[in-house]
>>> print(open('entry.csv').read())   # CSV, C-alpha atoms
chain,number,residue,atom,x,y,z
A,1,MET,CA,10.7,13.8,-20.0
A,2,THR,CA,14.5,13.5,-19.8
A,3,VAL,CA,16.4,15.3,-22.6
A,4,LEU,CA,19.5,13.3,-23.4
A,5,HIS,CA,22.7,14.8,-24.7
A,6,ARG,CA,24.9,11.7,-24.5
A,7,ILE,CA,24.0,8.0,-25.0
A,8,THR,CA,25.6,4.6,-24.9
A,9,SER,CA,24.1,1.8,-26.9
A,10,GLU,CA,24.8,-1.8,-26.1
A,11,TYR,CA,23.4,-5.2,-27.0
A,12,ILE,CA,22.5,-7.2,-23.9
A,13,GLU,CA,22.6,-10.9,-24.9
A,14,ALA,CA,20.6,-12.1,-21.9
A,15,GLU,CA,17.7,-9.8,-22.8
A,16,ASP,CA,18.2,-10.1,-26.6
A,17,ARG,CA,17.7,-6.3,-26.8
A,18,ILE,CA,19.5,-3.1,-27.2
A,19,ARG,CA,19.9,-1.0,-24.1
A,20,ILE,CA,20.3,2.8,-24.5
A,21,SER,CA,21.8,4.5,-21.4
A,22,GLY,CA,21.6,8.3,-21.6
A,23,ALA,CA,22.7,11.3,-19.6
A,24,SER,CA,21.1,14.7,-19.5
A,25,PRO,CA,23.1,17.9,-19.2
A,26,THR,CA,22.3,18.0,-15.5
A,27,GLY,CA,23.7,14.5,-15.0
A,28,GLU,CA,20.4,12.7,-14.7
A,29,THR,CA,20.5,9.2,-16.3
A,30,VAL,CA,17.9,7.1,-17.9
A,31,SER,CA,18.1,3.6,-19.5
A,32,LEU,CA,15.7,2.1,-22.0
A,33,TRP,CA,15.2,-1.1,-23.9
A,34,LEU,CA,14.7,-1.3,-27.6
A,35,THR,CA,13.4,-4.5,-29.0
A,36,GLN,CA,14.5,-5.8,-32.4
A,37,ARG,CA,11.0,-5.1,-33.7
A,38,LEU,CA,10.8,-1.5,-32.6
A,39,LEU,CA,14.4,-0.8,-33.5
A,40,GLY,CA,13.8,-2.2,-37.0
A,41,ARG,CA,11.0,0.3,-37.5
A,42,LEU,CA,13.1,3.1,-36.2
A,43,LEU,CA,16.0,2.1,-38.4
A,44,LYS,CA,13.9,2.2,-41.5
A,45,ALA,CA,12.8,5.7,-40.7
A,46,LEU,CA,16.4,6.8,-39.9
A,47,LEU,CA,17.9,5.2,-43.0
A,48,ASN,CA,15.3,6.8,-45.2
A,49,TRP,CA,15.9,10.2,-43.6
A,50,THR,CA,19.7,9.9,-43.7
A,51,ALA,CA,19.9,8.6,-47.3
A,52,ALA,CA,21.2,11.3,-49.6
A,53,GLY,CA,19.5,11.8,-53.0
A,54,ASP,CA,17.7,9.6,-55.4
A,55,ASP,CA,20.0,9.8,-58.5
A,56,ALA,CA,22.4,7.3,-60.0
A,57,HIS,CA,25.1,8.2,-57.5
A,58,THR,CA,23.0,7.8,-54.3
A,59,GLU,CA,24.6,4.6,-53.2
A,60,LEU,CA,28.1,6.0,-53.7
A,61,LYS,CA,27.3,9.2,-51.8
A,62,ASN,CA,25.8,7.3,-48.9
A,63,THR,CA,28.8,4.9,-48.8
A,64,PHE,CA,31.2,7.8,-48.6
A,65,ALA,CA,29.0,9.6,-46.0
A,66,GLN,CA,28.8,6.5,-43.8
A,67,GLN,CA,32.6,5.9,-44.1
A,68,ALA,CA,33.2,9.6,-43.1
A,69,ALA,CA,30.9,9.3,-40.1
A,70,ARG,CA,32.7,6.1,-39.0
A,71,ALA,CA,36.1,7.7,-39.4
A,72,ASP,CA,35.0,10.9,-37.6
A,73,PHE,CA,33.6,9.0,-34.6
A,74,LYS,CA,35.3,10.1,-31.3
A,75,HIS,CA,35.1,7.5,-28.5
A,76,GLN,CA,34.0,8.8,-25.2
A,77,SER,CA,33.5,7.2,-21.8
A,78,PRO,CA,30.2,5.2,-21.7
A,79,VAL,CA,27.2,6.4,-19.9
A,80,ALA,CA,26.7,4.1,-16.9
A,81,ALA,CA,23.3,2.3,-16.8
A,82,GLN,CA,22.3,3.4,-13.3
A,83,ALA,CA,18.6,3.6,-13.6
A,84,ALA,CA,16.3,0.6,-14.1
A,85,PRO,CA,15.6,0.5,-17.9
A,86,PHE,CA,12.1,1.0,-19.2
A,87,LEU,CA,10.8,-0.7,-22.3
A,88,ALA,CA,10.3,1.8,-25.1
A,89,SER,CA,7.1,0.9,-26.9
A,90,ILE,CA,6.8,4.0,-29.1
A,91,VAL,CA,9.3,6.3,-30.8
A,92,ASP,CA,8.0,9.7,-32.0
A,93,LEU,CA,10.1,11.2,-34.7
A,94,ASN,CA,10.4,14.9,-35.6
A,95,HIS,CA,12.9,16.2,-38.1
A,96,SER,CA,14.1,19.1,-40.2
A,97,ALA,CA,16.7,18.9,-43.0
A,98,GLU,CA,19.6,18.4,-40.7
A,99,VAL,CA,18.2,17.5,-37.2
A,100,MET,CA,16.3,14.4,-36.0
A,101,THR,CA,14.5,14.4,-32.7
A,102,MET,CA,13.4,11.0,-31.2
A,103,CYS,CA,11.1,10.7,-28.2
A,104,PHE,CA,11.2,7.2,-26.7
A,105,ARG,CA,8.1,6.5,-24.7
A,106,GLY,CA,7.2,3.6,-22.4
A,107,GLY,CA,4.5,2.9,-19.9
A,108,ASP,CA,3.9,5.0,-16.8
A,109,SER,CA,4.7,8.2,-18.6
A,110,GLN,CA,8.3,7.2,-19.0
A,111,SER,CA,10.1,9.1,-21.8
A,112,ALA,CA,13.4,10.3,-23.0
A,113,GLN,CA,14.2,12.6,-25.9
A,114,LEU,CA,17.3,12.6,-28.1
A,115,THR,CA,18.1,15.2,-30.7
A,116,LEU,CA,20.9,14.4,-33.2
A,117,GLN,CA,22.5,16.2,-36.2
A,118,ARG,CA,22.6,14.3,-39.5
A,119,GLN,CA,26.3,13.3,-38.9
A,120,ASP,CA,25.5,12.1,-35.4
A,121,VAL,CA,22.6,10.0,-36.8
A,122,ARG,CA,25.0,8.4,-39.3
A,123,GLN,CA,27.5,7.6,-36.4
A,124,TRP,CA,24.7,6.1,-34.3
A,125,LEU,CA,23.6,4.0,-37.3
A,126,ASN,CA,27.1,2.6,-37.5
A,127,ILE,CA,27.0,1.7,-33.9
A,128,LEU,CA,23.6,0.1,-34.2
A,129,HIS,CA,24.6,-1.7,-37.4
A,130,ASP,CA,27.6,-3.2,-35.5
A,131,LEU,CA,25.4,-4.2,-32.5
A,132,TRP,CA,22.8,-5.7,-34.8
A,133,ARG,CA,25.4,-7.9,-36.6
A,134,ASN,CA,26.9,-8.9,-33.2
A,135,ALA,CA,23.4,-9.9,-32.0
A,136,GLY,CA,23.1,-12.2,-35.0
A,137,TRP,CA,19.8,-10.6,-36.1
A,138,PRO,CA,18.8,-10.8,-39.8
A,139,CYS,CA,20.4,-8.0,-41.8
A,140,GLU,CA,18.0,-7.6,-44.7
A,141,LEU,CA,16.9,-4.2,-43.6
A,142,TRP,CA,20.4,-2.7,-43.8
A,143,PRO,CA,21.3,-1.2,-47.2
A,144,ASP,CA,24.6,-2.1,-48.8
A,145,TRP,CA,26.0,1.3,-48.2
A,146,MET,CA,26.0,0.7,-44.4
A,147,GLU,CA,28.6,-2.1,-44.7
A,148,PRO,CA,32.1,-0.9,-43.5
A,149,LYS,CA,34.5,-0.9,-46.4
A,150,PRO,CA,38.0,-2.2,-45.9
A,151,SER,CA,40.7,0.4,-46.0
A,152,PRO,CA,42.8,0.3,-49.2
A,153,SER,CA,46.1,-1.2,-48.4
A,154,VAL,CA,49.3,0.3,-49.9
A,155,ALA,CA,51.2,-2.3,-51.8
A,156,ALA,CA,54.9,-2.4,-50.9
A,157,PRO,CA,57.1,-1.4,-53.9
A,158,GLN,CA,58.7,-4.3,-55.6
A,159,ILE,CA,62.4,-4.2,-56.0
A,160,THR,CA,64.0,-5.8,-58.9
A,161,MET,CA,67.6,-6.8,-58.6
A,162,HIS,CA,69.7,-8.2,-61.4
>>> encode(input="entry.csv", output="structure tokens")
Amino acid sequence: MTVLHRITSEYIEAEDRIRISGASPTGETVSLWLTQRLLGRLLKALLNWTAAGDDAHTELKNTFAQQAARADFKHQSPVAAQAAPFLASIVDLNHSAEVMTMCFRGGDSQSAQLTLQRQDVRQWLNILHDLWRNAGWPCELWPDWMEPKPSPSVAAPQITMH
């Protein structure tokens, strides 16, 4: 199993799938395919785990947390897809209060493990949301709090002259 510490996620139109290319701390790379169906199941679990609270302010808290994750995202150079991708057919999830570990498994004992902090999961959800929308896939599974909110614009002061 390859333990990943950095990933690049991209929608590949010709495959109609999301490709995850990852690198281990030793420089080993692995690529895997996520189908819309498997990714939809994974997203439901990640969104449920990530969602904060169950009170009247839950939507607002999650909106702010997603916006903060989007604003805090630091672009890095992408991980090059060097290895032939394997098709992930199972994703095993293990989590604590602040850490989510995902083990992507395919045929022939192919597997890759990714562990993310809660903020990193939120950032990855933003990336996946953008890829999902660009793919033109149905967006019913995404909660409203995932939608990027426009930045408030500052109105220019009006000058009155007589």
>>> closest_residue(input="entry.csv", among="A:Leu125, A:Leu141, A:Ala51, A:Ala88", to="Thr35 in chain A", atoms="all atoms listed in the file")
A:Ala88
>>> closest_atom_pairs(input="entry.csv", of="range 114-136 of chain A", to="range 94-98 of chain A", cutoff="12 Å", atoms="all atoms listed in the file", output="CSV")
residue,atom,partner,partner_atom,distance
A:Leu114,CA,A:Asn94,CA,10.4
A:Thr115,CA,A:His95,CA,9.1
A:Leu116,CA,A:Glu98,CA,8.6
A:Gln117,CA,A:Glu98,CA,5.8
A:Arg118,CA,A:Glu98,CA,5.2
A:Gln119,CA,A:Glu98,CA,8.6
A:Asp120,CA,A:Glu98,CA,10.1
A:Val121,CA,A:Glu98,CA,9.7
A:Arg122,CA,A:Glu98,CA,11.5
>>> residues_around(input="entry.csv", residues="Leu32 in chain A", least_positions_apart="5", cutoff="7 Å", atoms="all atoms listed in the file", output="PyMOL selection string")
chain A and resi 19-21+85-88
>>> write_last_selection(input="entry.csv", atoms="C-alpha atoms", output="CSV table (one decimal), in the frame of the given file")
chain,number,residue,atom,x,y,z
A,19,ARG,CA,19.9,-1.0,-24.1
A,20,ILE,CA,20.3,2.8,-24.5
A,21,SER,CA,21.8,4.5,-21.4
A,85,PRO,CA,15.6,0.5,-17.9
A,86,PHE,CA,12.1,1.0,-19.2
A,87,LEU,CA,10.8,-0.7,-22.3
A,88,ALA,CA,10.3,1.8,-25.1
>>> residues_near_point(input="entry.csv", point="(11.9, 8.0, -26.2)", cutoff="9 Å", atoms="only C-alpha atoms", output="number ranges by chain")
A: 1-2, 32, 88-92, 102-106, 110-114
>>> atom_distance(input="entry.csv", atom1="CA of Asp72 in chain A", atom2="CA of Leu42 in chain A")
23.3 Å
>>> residues_near_point(input="entry.csv", point="(17.3, -7.3, -39.4)", cutoff="12 Å", atoms="all atoms listed in the file", output="MDAnalysis selection string")
chainID A and resid 35:44 128:143
>>> atom_distance(input="entry.csv", atom1="CA of Arg17 in chain A", atom2="CA of Leu34 in chain A")
5.9 Å
>>> atom_distance(input="entry.csv", atom1="CA of Val79 in chain A", atom2="CA of Glu147 in chain A")
26.3 Å
